[in-house]
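Novice: Okay, here's the structure, questions in a sec.
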Amino acid sequence: MKFTKFIFSTLNLSREYLESIFSLASKIEQNPENYLNKCNGKILAILFFEPSTRTMLSFESAMLRLGGSILGFASGKTSSSAKGETIADTLRMINGYADIAVIRHYLEGVGEIAKKYSSIPVISGGTGTQAHPTQAMLDLYTIKKAFGKIDGLKIALMGDLKYGRTIPSLLYGLAKYDDVTLYLISPKELKIRSHVRQRLNGFNLKFYEIDDISQIIDELDVLYVTRIQKERFPDQLDYERLKSSYKISPETLNNVKDSFILLHPLPRVDEITPEVDSLPCAKYFEQAKNGVFVRMALILNLLGVE
Amino acid sequence: MKFTKFIFSTLNLSREYLESIFSLASKIEQNPENYLNKCNGKILAILFFEPSTRTMLSFESAMLRLGGSILGFASGKTSSSAKGETIADTLRMINGYADIAVIRHYLEGVGEIAKKYSSIPVISGGTGTQAHPTQAMLDLYTIKKAFGKIDGLKIALMGDLKYGRTIPSLLYGLAKYDDVTLYLISPKELKIRSHVRQRLNGFNLKFYEIDDISQIIDELDVLYVTRIQKERFPDQLDYERLKSSYKISPETLNNVKDSFILLHPLPRVDEITPEVDSLPCAKYFEQAKNGVFVRMALILNLLGVE
Amino acid sequence: MKFTKFIFSTLNLSREYLESIFSLASKIEQNPENYLNKCNGKILAILFFEPSTRTMLSFESAMLRLGGSILGFASGKTSSSAKGETIADTLRMINGYADIAVIRHYLEGVGEIAKKYSSIPVISGGTGTQAHPTQAMLDLYTIKKAFGKIDGLKIALMGDLKYGRTIPSLLYGLAKYDDVTLYLISPKELKIRSHVRQRLNGFNLKFYEIDDISQIIDELDVLYVTRIQKERFPDQLDYERLKSSYKISPETLNNVKDSFILLHPLPRVDEITPEVDSLPCAKYFEQAKNGVFVRMALILNLLGVE
């Protein structure tokens, strides 16, 4: 297995590396008891300059389930950065306190700073405006688990594709696979950014930007829904007009394929109605749980623990 | 021993169940070293949508003393609920991250939601406006430890009996015992709520609502004092007039029985003067400590660990 | 080895005690794996009424690296003190939950309260306005490690010597050693307080209060830089005028001795330019790391673990 020290983007991860992480995650999922003490004596630092319950707790659960322990902060307001400390200094300080770190920060370039200044492995827990690589990895793992493969699938990403870090990371991850067909469904104000589109054009990947799911829902293998935040719409009338077309109910899913799965990075507000939760295609809570196994695999890999 | 999965009220706990928890708590208190590794590899999720230092730290101490570990959040402001997530969704997420959860939330009905959506055990750490069952259980344990029994005791509850969650839970717990005499001492504005009174009327229990402790203090076995919050009084003159009659000093306790004990759920402000702390009847700090043993017993029970 | 129960000041620590802690810290630093399970089953309570990332994480790392665990709070706003609880009560509560505590609080006299009310050991993590003994101990340990001794060294402390807790604790610690020459370099508004000066006069110690580092930099063994906070200057023009003379760059250090070391308690803002970081004399990140070993030694000592 190849070992990596920094995870800040899915762009520079090879398909082989992704597969090796998924393979390890799967082993962990099947026999978690074999991994209970793998990180005894090791400390994971949580450096969350922006709050994020889910990502933070998922990483914490991962490290604890490996027998390691946790320290850190859940908000920039209580950290030394409030006194004007640079990220580089915070990382060098934490190098003395922990064995591996996960960082969430709104600034672009956090990955470069980590690579330059950190002697311990560092993982992005959401950095800059466009990167959330571990979310993308758990999404890919969930798809792989459901279909046994990712190659050849028809996958739609729906909702706010512009803001938020999940979508670009997932798109770049999907681009590592062969013959994937992508549908990007969003109001025109919330389409992927032009630099993301340019990157996609450079990949071996078919993608279609559309604004209505009904045309393609019956062909899909995977529908990945994200929240549309009200605040994103300059015109609230636009929001009211559009939001219902981006709401998934059992009716929306009337004619989906038997193997179809519905994903969401969570937290969900009302993009998926509660009635959908009991359908067999609803995989978003399992998806959240998968995040723990994928992050366990990543921690082991970055710490060089076999 | 009977195992339970959810603890959200003392109403539906049998006397037998309470006694089995107290018996286990007592064993733990006598030989804590026997329980040091009982929860190795297990994770307790702290889901505190409202802050509460004491209850939170007591649960954390309990889980750590069993060899388990902790994750979670201490305030609703930093949790996903700030993004509009429902409690049901938060619980289903946390089911992937932890083995047991304790939740503090102001909404009524949290227990029903937990029972419906959680596959892992969940304990109330204070829910709705009228339930704090683990506080009641540690109160009962402290009384049992002091007297060897609860049956037949004369117990007064004094202070703010209307707001706060401790009093109703303790009353319903005491109602499981035989021949308990209760004195409920409060300003008229802070009496127990009518639906609590109706419930008490349905129990095999004598209770008297009075507004002055001096008449009965010498007969009491237990006096349980709670804080009166200034903000609760519409009329601040009323507050000034009443507060001194709800302040316990050594003089108040001049003629109490030898076996008398004084309890308080803490934090205390000035309802009990510091001079009382050194009296042998002052059991409130021991009471806080007992909370750890009772919560250790509950965690073991809900996780099905013998 | 002599065991102590409370650490609230460097004034009352003997040189022998300091040396025994440094000796243990050094053993830990050389063979950390020997100490991995020394505190299994023990809990450190973090009682931080004022936030402080670095000190808190350093203590947490220390306890976790000893195999112990952590609970507590990182801000007075979320603790029971917000409900009006006294420090004495908080400590007596925490006595039931943990085996050792570290407290950070702005009030003078916290140490006296701890000695009176706590049955478990308590360490200051910064108390009152003038005490931060564990910071001083890690500073002394770093100097000792670099020179093999502290006796006879020429040490300058520069920056804000009035506000902040680090300087007085470090001065009183240095005063335990023989023949130390001290230069105290600060703008006149930020000199050490008069009661600190009086104390220094009572020690066997030469000290000189100057306002310009250039006169003495080439003779120094150690330069200890602290932040000057803009807010401390009544006159912002004064701040603008003075700040550049308290900024260390590679040029400032052109002619220092070969063995010279540069320290800073961190976080640093712009008192030391980033270009200095790569010079061999820059020891501030190692200094932060040393804090973990010193605090591990202190925790072992106060818990009476050999």
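Residues in the structure tokens are numbered from 1 in each chain, the chains being A, B, ... in the order shown, and ligands are numbered from 1 in the order shown.
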Could you give me, as a PDB file with N, CA and C atoms, in the first residue's frame, the residues within 12 Å of Lys115 of chain C, counting only C-alpha atoms and dropping anything in the same chain fewer than 5 positions from it?
Specialist:
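Once everything was written out, this is selection.pdb:
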ATOM      1  N   THR C   4       4.346  17.153  45.161  1.00  0.00           N
ATOM      2  CA  THR C   4       3.631  18.377  45.482  1.00  0.00           C
ATOM      3  C   THR C   4       2.180  18.178  45.065  1.00  0.00           C
ATOM      4  N   LYS C   5       1.284  18.961  45.622  1.00  0.00           N
ATOM      5  CA  LYS C   5      -0.123  18.785  45.254  1.00  0.00           C
ATOM      6  C   LYS C   5      -0.691  19.978  44.489  1.00  0.00           C
ATOM      7  N   PHE C   6      -0.102  21.150  44.694  1.00  0.00           N
ATOM      8  CA  PHE C   6      -0.619  22.351  44.033  1.00  0.00           C
ATOM      9  C   PHE C   6       0.527  23.134  43.411  1.00  0.00           C
ATOM     10  N   ILE C   7       0.330  23.595  42.179  1.00  0.00           N
ATOM     11  CA  ILE C   7       1.335  24.435  41.517  1.00  0.00           C
ATOM     12  C   ILE C   7       0.639  25.723  41.095  1.00  0.00           C
ATOM     13  N   PHE C   8       0.858  26.787  41.827  1.00  0.00           N
ATOM     14  CA  PHE C   8       0.228  28.063  41.494  1.00  0.00           C
ATOM     15  C   PHE C   8       1.202  29.214  41.351  1.00  0.00           C
ATOM     16  N   ILE C  87     -15.800  29.494  42.451  1.00  0.00           N
ATOM     17  CA  ILE C  87     -14.695  28.606  42.077  1.00  0.00           C
ATOM     18  C   ILE C  87     -14.584  27.461  43.075  1.00  0.00           C
ATOM     19  N   ALA C  88     -14.802  27.754  44.353  1.00  0.00           N
ATOM     20  CA  ALA C  88     -14.717  26.713  45.382  1.00  0.00           C
ATOM     21  C   ALA C  88     -15.706  25.583  45.083  1.00  0.00           C
ATOM     22  N   LEU C  91     -14.651  23.549  42.018  1.00  0.00           N
ATOM     23  CA  LEU C  91     -13.567  22.623  42.354  1.00  0.00           C
ATOM     24  C   LEU C  91     -14.078  21.420  43.133  1.00  0.00           C
ATOM     25  N   ARG C  92     -14.991  21.655  44.091  1.00  0.00           N
ATOM     26  CA  ARG C  92     -15.500  20.524  44.869  1.00  0.00           C
ATOM     27  C   ARG C  92     -16.338  19.585  44.009  1.00  0.00           C
ATOM     28  N   GLY C 109      -5.884  34.732  43.834  1.00  0.00           N
ATOM     29  CA  GLY C 109      -6.338  33.939  44.970  1.00  0.00           C
ATOM     30  C   GLY C 109      -6.910  32.586  44.604  1.00  0.00           C
ATOM     31  N   VAL C 110      -6.882  32.232  43.327  1.00  0.00           N
ATOM     32  CA  VAL C 110      -7.412  30.930  42.920  1.00  0.00           C
ATOM     33  C   VAL C 110      -6.619  29.793  43.584  1.00  0.00           C
ATOM     34  N   ILE C 120      -8.140  16.955  45.280  1.00  0.00           N
ATOM     35  CA  ILE C 120      -7.284  16.450  44.202  1.00  0.00           C
ATOM     36  C   ILE C 120      -6.256  17.528  43.840  1.00  0.00           C
ATOM     37  N   PRO C 121      -5.113  17.124  43.252  1.00  0.00           N
ATOM     38  CA  PRO C 121      -4.096  18.107  42.863  1.00  0.00           C
ATOM     39  C   PRO C 121      -4.621  19.086  41.818  1.00  0.00           C
ATOM     40  N   VAL C 122      -4.162  20.319  41.907  1.00  0.00           N
ATOM     41  CA  VAL C 122      -4.566  21.356  40.958  1.00  0.00           C
ATOM     42  C   VAL C 122      -3.340  22.139  40.501  1.00  0.00           C
ATOM     43  N   ILE C 123      -3.276  22.396  39.201  1.00  0.00           N
ATOM     44  CA  ILE C 123      -2.176  23.148  38.598  1.00  0.00           C
ATOM     45  C   ILE C 123      -2.736  24.418  37.972  1.00  0.00           C
ATOM     46  N   SER C 124      -2.033  25.512  38.123  1.00  0.00           N
ATOM     47  CA  SER C 124      -2.403  26.745  37.427  1.00  0.00           C
ATOM     48  C   SER C 124      -2.074  26.632  35.947  1.00  0.00           C
TER      49      SER C 124
END
Novice: Mind the document's chain letters and residue numbers, and return as number ranges by chain the residues of segment 54-142 of chain C that DSSP labels strand (DSSP E or B).
Specialist: C: 69-73, 100-105, 122-127, 131
Novice: Please identify every residue of chain B that has at least one atom no more than 12 Å from any atom of chain A, counting only C-alpha atoms, and report them as an MDAnalysis selection string.
Specialist: chainID B and resid 40:47 67:99 117:118
Novice: Hey, can you check how far atom CA of Glu231 of chain A sits from atom CA of Asp160 of chain A?
Specialist: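 So the two atoms, atom CA of Glu231 of chain A and atom CA of Asp160 of chain A, lie 11.4 Å apart.
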Novice: Could you go through segment 25-195 of chain B and tell me which residues DSSP, when run on the backbone, assigns to helix (DSSP H, G or I), listing them as a compact mmCIF listing (two decimals) with N, CA and C atoms, in the first residue's frame?
Specialist:
# COMPACT_ATOMS: atom_id res chain seq x y z
N ALA B 25 -24.55 0.61 40.96
CA ALA B 25 -23.80 1.83 41.28
C ALA B 25 -23.01 1.64 42.57
N SER B 26 -23.62 0.99 43.52
CA SER B 26 -22.96 0.77 44.81
C SER B 26 -21.76 -0.16 44.65
N LYS B 27 -21.92 -1.20 43.86
CA LYS B 27 -20.78 -2.10 43.59
C LYS B 27 -19.64 -1.35 42.92
N ILE B 28 -20.00 -0.49 41.97
CA ILE B 28 -18.97 0.30 41.28
C ILE B 28 -18.27 1.23 42.27
N GLU B 29 -19.07 1.89 43.13
CA GLU B 29 -18.50 2.82 44.09
C GLU B 29 -17.50 2.11 45.01
N GLN B 30 -17.83 0.87 45.39
CA GLN B 30 -16.94 0.15 46.31
C GLN B 30 -15.69 -0.40 45.62
N PRO B 32 -14.26 0.49 42.13
CA PRO B 32 -14.23 1.10 40.79
C PRO B 32 -13.21 0.43 39.88
N GLU B 33 -12.15 -0.14 40.46
CA GLU B 33 -11.09 -0.73 39.64
C GLU B 33 -11.59 -1.94 38.84
N ASN B 34 -12.69 -2.54 39.30
CA ASN B 34 -13.24 -3.69 38.56
C ASN B 34 -13.94 -3.27 37.26
N TYR B 35 -14.16 -1.97 37.09
CA TYR B 35 -14.96 -1.51 35.95
C TYR B 35 -14.15 -0.67 34.96
N THR B 53 -22.72 22.24 32.24
CA THR B 53 -21.40 21.74 32.64
C THR B 53 -21.48 20.49 33.48
N ARG B 54 -22.27 20.56 34.54
CA ARG B 54 -22.24 19.51 35.54
C ARG B 54 -22.73 18.17 34.99
N THR B 55 -23.88 18.19 34.38
CA THR B 55 -24.42 16.95 33.83
C THR B 55 -23.49 16.39 32.77
N MET B 56 -22.97 17.27 31.91
CA MET B 56 -22.09 16.81 30.85
C MET B 56 -20.81 16.19 31.41
N LEU B 57 -20.16 16.90 32.33
CA LEU B 57 -18.90 16.39 32.87
C LEU B 57 -19.11 15.11 33.66
N SER B 58 -20.25 15.00 34.32
CA SER B 58 -20.54 13.79 35.09
C SER B 58 -20.68 12.59 34.16
N PHE B 59 -21.40 12.76 33.06
CA PHE B 59 -21.51 11.68 32.07
C PHE B 59 -20.15 11.36 31.46
N GLU B 60 -19.38 12.39 31.16
CA GLU B 60 -18.06 12.16 30.57
C GLU B 60 -17.17 11.39 31.53
N SER B 61 -17.18 11.82 32.79
CA SER B 61 -16.39 11.13 33.80
C SER B 61 -16.82 9.67 33.90
N ALA B 62 -18.13 9.43 33.89
CA ALA B 62 -18.65 8.06 33.99
C ALA B 62 -18.12 7.20 32.84
N MET B 63 -18.22 7.70 31.62
CA MET B 63 -17.79 6.90 30.47
C MET B 63 -16.27 6.69 30.50
N LEU B 64 -15.52 7.72 30.83
CA LEU B 64 -14.06 7.59 30.87
C LEU B 64 -13.64 6.61 31.96
N ARG B 65 -14.34 6.61 33.10
CA ARG B 65 -13.98 5.70 34.20
C ARG B 65 -14.34 4.24 33.88
N GLY B 76 -25.87 23.89 21.18
CA GLY B 76 -26.61 23.80 19.93
C GLY B 76 -26.07 24.74 18.87
N LYS B 77 -25.40 25.80 19.32
CA LYS B 77 -24.91 26.79 18.36
C LYS B 77 -23.85 26.23 17.44
N THR B 78 -23.08 25.26 17.94
CA THR B 78 -22.02 24.73 17.10
C THR B 78 -22.42 23.43 16.40
N SER B 80 -25.01 20.88 13.94
CA SER B 80 -25.68 20.94 12.65
C SER B 80 -27.09 21.49 12.76
N SER B 81 -27.65 21.44 13.97
CA SER B 81 -29.00 21.96 14.14
C SER B 81 -29.04 23.44 13.77
N ALA B 82 -27.88 24.11 13.91
CA ALA B 82 -27.83 25.51 13.51
C ALA B 82 -28.07 25.64 12.01
N LYS B 83 -27.83 24.57 11.26
CA LYS B 83 -28.11 24.59 9.83
C LYS B 83 -29.51 24.08 9.51
N ILE B 87 -33.75 16.81 14.97
CA ILE B 87 -33.18 15.93 15.99
C ILE B 87 -33.11 14.49 15.46
N ALA B 88 -34.14 14.09 14.72
CA ALA B 88 -34.16 12.73 14.18
C ALA B 88 -32.93 12.49 13.30
N ASP B 89 -32.63 13.45 12.46
CA ASP B 89 -31.47 13.30 11.57
C ASP B 89 -30.16 13.31 12.36
N THR B 90 -30.07 14.19 13.34
CA THR B 90 -28.85 14.23 14.16
C THR B 90 -28.63 12.87 14.83
N LEU B 91 -29.72 12.29 15.34
CA LEU B 91 -29.60 10.99 16.01
C LEU B 91 -29.17 9.90 15.03
N ARG B 92 -29.77 9.90 13.83
CA ARG B 92 -29.40 8.86 12.87
C ARG B 92 -27.96 9.02 12.40
N MET B 93 -27.50 10.27 12.29
CA MET B 93 -26.09 10.49 12.00
C MET B 93 -25.23 9.90 13.12
N ILE B 94 -25.57 10.27 14.35
CA ILE B 94 -24.73 9.88 15.48
C ILE B 94 -24.74 8.36 15.67
N ASN B 95 -25.78 7.69 15.23
CA ASN B 95 -25.82 6.23 15.27
C ASN B 95 -24.65 5.60 14.53
N VAL B 110 -38.48 14.65 22.76
CA VAL B 110 -37.18 14.15 22.31
C VAL B 110 -37.08 12.64 22.52
N GLY B 111 -37.65 12.18 23.64
CA GLY B 111 -37.62 10.75 23.94
C GLY B 111 -38.35 9.93 22.88
N GLU B 112 -39.49 10.42 22.44
CA GLU B 112 -40.24 9.70 21.40
C GLU B 112 -39.45 9.63 20.10
N ILE B 113 -38.81 10.75 19.78
CA ILE B 113 -37.98 10.79 18.56
C ILE B 113 -36.84 9.79 18.68
N ALA B 114 -36.20 9.76 19.84
CA ALA B 114 -35.08 8.83 20.03
C ALA B 114 -35.55 7.39 19.88
N LYS B 115 -36.69 7.08 20.52
CA LYS B 115 -37.19 5.70 20.45
C LYS B 115 -37.51 5.30 19.01
N LYS B 116 -37.98 6.26 18.23
CA LYS B 116 -38.36 5.97 16.85
C LYS B 116 -37.15 5.86 15.92
N TYR B 117 -36.16 6.71 16.13
CA TYR B 117 -35.11 6.83 15.12
C TYR B 117 -33.74 6.29 15.53
N PRO B 133 -34.13 12.67 34.30
CA PRO B 133 -34.23 11.41 35.06
C PRO B 133 -32.93 10.97 35.73
N THR B 134 -31.76 11.23 35.12
CA THR B 134 -30.53 10.75 35.77
C THR B 134 -30.20 11.58 37.00
N GLN B 135 -30.60 12.87 36.99
CA GLN B 135 -30.43 13.67 38.21
C GLN B 135 -31.29 13.06 39.32
N ALA B 136 -32.53 12.71 39.00
CA ALA B 136 -33.42 12.10 40.00
C ALA B 136 -32.83 10.78 40.51
N MET B 137 -32.25 10.01 39.62
CA MET B 137 -31.71 8.72 40.04
C MET B 137 -30.51 8.89 40.97
N LEU B 138 -29.68 9.88 40.71
CA LEU B 138 -28.55 10.09 41.62
C LEU B 138 -29.02 10.66 42.94
N ASP B 139 -30.11 11.45 42.91
CA ASP B 139 -30.69 11.96 44.16
C ASP B 139 -31.21 10.79 45.00
N LEU B 140 -31.94 9.90 44.34
CA LEU B 140 -32.50 8.74 45.05
C LEU B 140 -31.38 7.85 45.59
N TYR B 141 -30.34 7.67 44.79
CA TYR B 141 -29.21 6.85 45.22
C TYR B 141 -28.55 7.43 46.47
N THR B 142 -28.43 8.77 46.49
CA THR B 142 -27.81 9.43 47.64
C THR B 142 -28.65 9.24 48.90
N ILE B 143 -29.97 9.33 48.74
CA ILE B 143 -30.88 9.13 49.89
C ILE B 143 -30.78 7.67 50.37
N LYS B 144 -30.85 6.75 49.43
CA LYS B 144 -30.76 5.32 49.75
C LYS B 144 -29.47 5.00 50.49
N LYS B 145 -28.37 5.59 50.02
CA LYS B 145 -27.06 5.35 50.63
C LYS B 145 -27.03 5.86 52.07
N ALA B 146 -27.67 7.01 52.30
CA ALA B 146 -27.64 7.61 53.64
C ALA B 146 -28.52 6.86 54.64
N PHE B 147 -29.68 6.37 54.18
CA PHE B 147 -30.65 5.78 55.11
C PHE B 147 -30.80 4.27 54.95
N THR B 166 -35.51 19.12 37.39
CA THR B 166 -35.12 18.16 38.41
C THR B 166 -36.30 17.70 39.25
N ILE B 167 -37.14 18.67 39.64
CA ILE B 167 -38.19 18.37 40.63
C ILE B 167 -39.21 17.34 40.13
N PRO B 168 -39.80 17.52 38.95
CA PRO B 168 -40.79 16.50 38.53
C PRO B 168 -40.17 15.10 38.45
N SER B 169 -38.98 15.01 37.90
CA SER B 169 -38.35 13.68 37.79
C SER B 169 -38.11 13.06 39.16
N LEU B 170 -37.69 13.87 40.11
CA LEU B 170 -37.44 13.35 41.46
C LEU B 170 -38.76 12.93 42.12
N LEU B 171 -39.80 13.75 41.95
CA LEU B 171 -41.10 13.41 42.54
C LEU B 171 -41.61 12.07 42.01
N TYR B 172 -41.53 11.88 40.69
CA TYR B 172 -42.02 10.62 40.12
C TYR B 172 -41.17 9.45 40.57
N GLY B 173 -39.89 9.71 40.80
CA GLY B 173 -39.03 8.64 41.32
C GLY B 173 -39.39 8.28 42.75
N LEU B 174 -39.59 9.30 43.58
CA LEU B 174 -39.96 9.06 44.98
C LEU B 174 -41.29 8.32 45.08
N LYS B 188 -45.65 30.95 46.22
CA LYS B 188 -46.82 30.46 45.46
C LYS B 188 -46.61 30.53 43.96
N GLU B 189 -45.77 31.51 43.51
CA GLU B 189 -45.52 31.64 42.07
C GLU B 189 -44.69 30.49 41.51
N LEU B 190 -44.03 29.74 42.40
CA LEU B 190 -43.08 28.73 41.93
C LEU B 190 -43.47 27.33 42.38
N SER B 194 -49.58 22.25 37.49
CA SER B 194 -50.82 21.52 37.82
C SER B 194 -50.79 20.08 37.28
N HIS B 195 -50.17 19.87 36.12
CA HIS B 195 -50.17 18.49 35.61
C HIS B 195 -49.25 17.60 36.44
Novice: Just to confirm, what's the straight-line distance from atom CA of Arg227 of chain B to atom CA of Gly159 of chain B in Å (one decimal)?
Specialist: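 Interatomic distance here is 6.1 Å.
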Novice: Set the distance at 10 Å and use only C-alpha atoms: which residues neighbour Thr181 of chain B once local chain neighbours fewer than 5 positions away are removed? I'd like the list as a PDB file with C-alpha atoms, in the first residue's frame.
Specialist:
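Okay, selection21.pdb is ready:
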ATOM      1  CA  ASP B 151     -39.572   3.897  52.155  1.00  0.00           C
ATOM      2  CA  GLY B 152     -41.092   5.796  55.039  1.00  0.00           C
ATOM      3  CA  LEU B 153     -38.890   8.894  54.833  1.00  0.00           C
ATOM      4  CA  LYS B 154     -40.045  12.483  55.262  1.00  0.00           C
ATOM      5  CA  ILE B 155     -38.618  14.527  52.449  1.00  0.00           C
ATOM      6  CA  ALA B 156     -38.957  18.225  51.665  1.00  0.00           C
ATOM      7  CA  LEU B 174     -39.959   9.057  44.983  1.00  0.00           C
ATOM      8  CA  ALA B 175     -43.485   7.932  44.108  1.00  0.00           C
ATOM      9  CA  LEU B 205     -48.005   9.279  48.313  1.00  0.00           C
ATOM     10  CA  LYS B 206     -48.766  11.959  50.905  1.00  0.00           C
ATOM     11  CA  PHE B 207     -47.696  15.447  49.896  1.00  0.00           C
ATOM     12  CA  TYR B 208     -48.201  18.871  51.418  1.00  0.00           C
ATOM     13  CA  LEU B 220     -37.400  15.952  58.119  1.00  0.00           C
ATOM     14  CA  ASP B 221     -35.098  13.180  56.997  1.00  0.00           C
TER      15      ASP B 221
END
Novice: Could you please determine the separation between atom CA of Tyr106 of chain A and atom CA of Ala282 of chain C in Å, to one decimal place?
Specialist: 29.5 Å
Novice: Would you pick out the contacts of Ile248 of chain A at 8 Å or less, using only C-alpha atoms, so that residues sharing its chain but fewer than 2 positions from it are not included, and give the list as an mmCIF file with all heavy atoms, in the first residue's frame?
Specialist:
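The resulting file, selection_3.cif, is reproduced below:
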data_model
loop_
_atom_site.group_PDB
_atom_site.id
_atom_site.type_symbol
_atom_site.label_atom_id
_atom_site.label_comp_id
_atom_site.auth_asym_id
_atom_site.auth_seq_id
_atom_site.Cartn_x
_atom_site.Cartn_y
_atom_site.Cartn_z
ATOM 1 N N TYR A 246 -36.409 21.220 -6.588
ATOM 2 C CA TYR A 246 -35.217 20.565 -6.061
ATOM 3 C C TYR A 246 -35.515 19.820 -4.768
ATOM 4 O O TYR A 246 -34.663 19.680 -3.909
ATOM 5 C CB TYR A 246 -34.074 21.580 -5.897
ATOM 6 C CG TYR A 246 -33.594 22.009 -7.257
ATOM 7 C CD1 TYR A 246 -34.156 23.100 -7.898
ATOM 8 C CD2 TYR A 246 -32.638 21.260 -7.920
ATOM 9 C CE1 TYR A 246 -33.757 23.455 -9.172
ATOM 10 C CE2 TYR A 246 -32.232 21.606 -9.196
ATOM 11 C CZ TYR A 246 -32.799 22.699 -9.816
ATOM 12 O OH TYR A 246 -32.400 23.017 -11.087
ATOM 13 N N PRO A 250 -41.115 10.716 -2.481
ATOM 14 C CA PRO A 250 -41.301 9.370 -3.048
ATOM 15 C C PRO A 250 -41.813 9.434 -4.489
ATOM 16 O O PRO A 250 -41.440 8.614 -5.329
ATOM 17 C CB PRO A 250 -42.323 8.733 -2.105
ATOM 18 C CG PRO A 250 -42.087 9.407 -0.794
ATOM 19 C CD PRO A 250 -41.756 10.821 -1.145
ATOM 20 N N GLU A 251 -42.650 10.444 -4.814
ATOM 21 C CA GLU A 251 -43.186 10.567 -6.162
ATOM 22 C C GLU A 251 -42.065 10.793 -7.191
ATOM 23 O O GLU A 251 -42.087 10.231 -8.280
ATOM 24 C CB GLU A 251 -44.185 11.738 -6.248
ATOM 25 C CG GLU A 251 -45.473 11.493 -5.462
ATOM 26 C CD GLU A 251 -45.257 11.468 -3.960
ATOM 27 O OE1 GLU A 251 -44.505 12.333 -3.444
ATOM 28 O OE2 GLU A 251 -45.790 10.546 -3.287
ATOM 29 N N THR A 252 -41.105 11.629 -6.806
ATOM 30 C CA THR A 252 -39.978 11.881 -7.710
ATOM 31 C C THR A 252 -39.294 10.587 -8.118
ATOM 32 O O THR A 252 -38.730 10.477 -9.197
ATOM 33 C CB THR A 252 -38.914 12.762 -6.993
ATOM 34 O OG1 THR A 252 -39.541 13.675 -6.115
ATOM 35 C CG2 THR A 252 -38.022 13.475 -7.994
ATOM 36 N N LEU A 253 -39.353 9.617 -7.203
ATOM 37 C CA LEU A 253 -38.566 8.397 -7.385
ATOM 38 C C LEU A 253 -39.405 7.218 -7.884
ATOM 39 O O LEU A 253 -38.955 6.069 -7.857
ATOM 40 C CB LEU A 253 -37.894 8.031 -6.050
ATOM 41 C CG LEU A 253 -37.052 9.148 -5.411
ATOM 42 C CD1 LEU A 253 -36.600 8.749 -4.014
ATOM 43 C CD2 LEU A 253 -35.851 9.497 -6.277
ATOM 44 N N GLU A 271 -34.607 19.187 1.340
ATOM 45 C CA GLU A 271 -34.381 18.766 -0.051
ATOM 46 C C GLU A 271 -34.879 17.356 -0.287
ATOM 47 O O GLU A 271 -35.126 16.964 -1.427
ATOM 48 C CB GLU A 271 -32.891 18.789 -0.406
ATOM 49 C CG GLU A 271 -32.140 20.025 -0.034
ATOM 50 C CD GLU A 271 -31.736 20.019 1.423
ATOM 51 O OE1 GLU A 271 -31.234 19.002 1.914
ATOM 52 O OE2 GLU A 271 -31.947 21.054 2.077
ATOM 53 N N ILE A 272 -34.952 16.561 0.773
ATOM 54 C CA ILE A 272 -35.469 15.195 0.671
ATOM 55 C C ILE A 272 -36.532 15.068 1.743
ATOM 56 O O ILE A 272 -36.255 15.290 2.924
ATOM 57 C CB ILE A 272 -34.349 14.154 0.918
ATOM 58 C CG1 ILE A 272 -33.232 14.304 -0.127
ATOM 59 C CG2 ILE A 272 -34.922 12.741 0.898
ATOM 60 C CD1 ILE A 272 -32.038 13.375 0.101
ATOM 61 N N THR A 273 -37.745 14.724 1.369
ATOM 62 C CA THR A 273 -38.828 14.657 2.360
ATOM 63 C C THR A 273 -38.632 13.424 3.246
ATOM 64 O O THR A 273 -38.066 12.414 2.797
ATOM 65 C CB THR A 273 -40.221 14.596 1.698
ATOM 66 O OG1 THR A 273 -40.330 13.346 1.017
ATOM 67 C CG2 THR A 273 -40.419 15.746 0.720
ATOM 68 N N VAL A 276 -39.138 9.713 2.225
ATOM 69 C CA VAL A 276 -38.154 9.002 1.404
ATOM 70 C C VAL A 276 -37.238 8.118 2.265
ATOM 71 O O VAL A 276 -36.732 7.093 1.807
ATOM 72 C CB VAL A 276 -37.324 10.014 0.580
ATOM 73 C CG1 VAL A 276 -36.199 9.329 -0.184
ATOM 74 C CG2 VAL A 276 -38.222 10.796 -0.370
#
Novice: Got a sec: who's within 7 Å of Gln130 of chain C, counting only C-alpha atoms, leaving out chain neighbours fewer than 2 positions off, as a PyMOL selection string?
Specialist: chain C and resi 128+132+164-165+168
Novice: Determine the nearest neighbour of Asn204 of chain B from the options B:Val180, B:Ile217, B:Ile185, B:Cys39, counting only C-alpha atoms.
Specialist: B:Val180
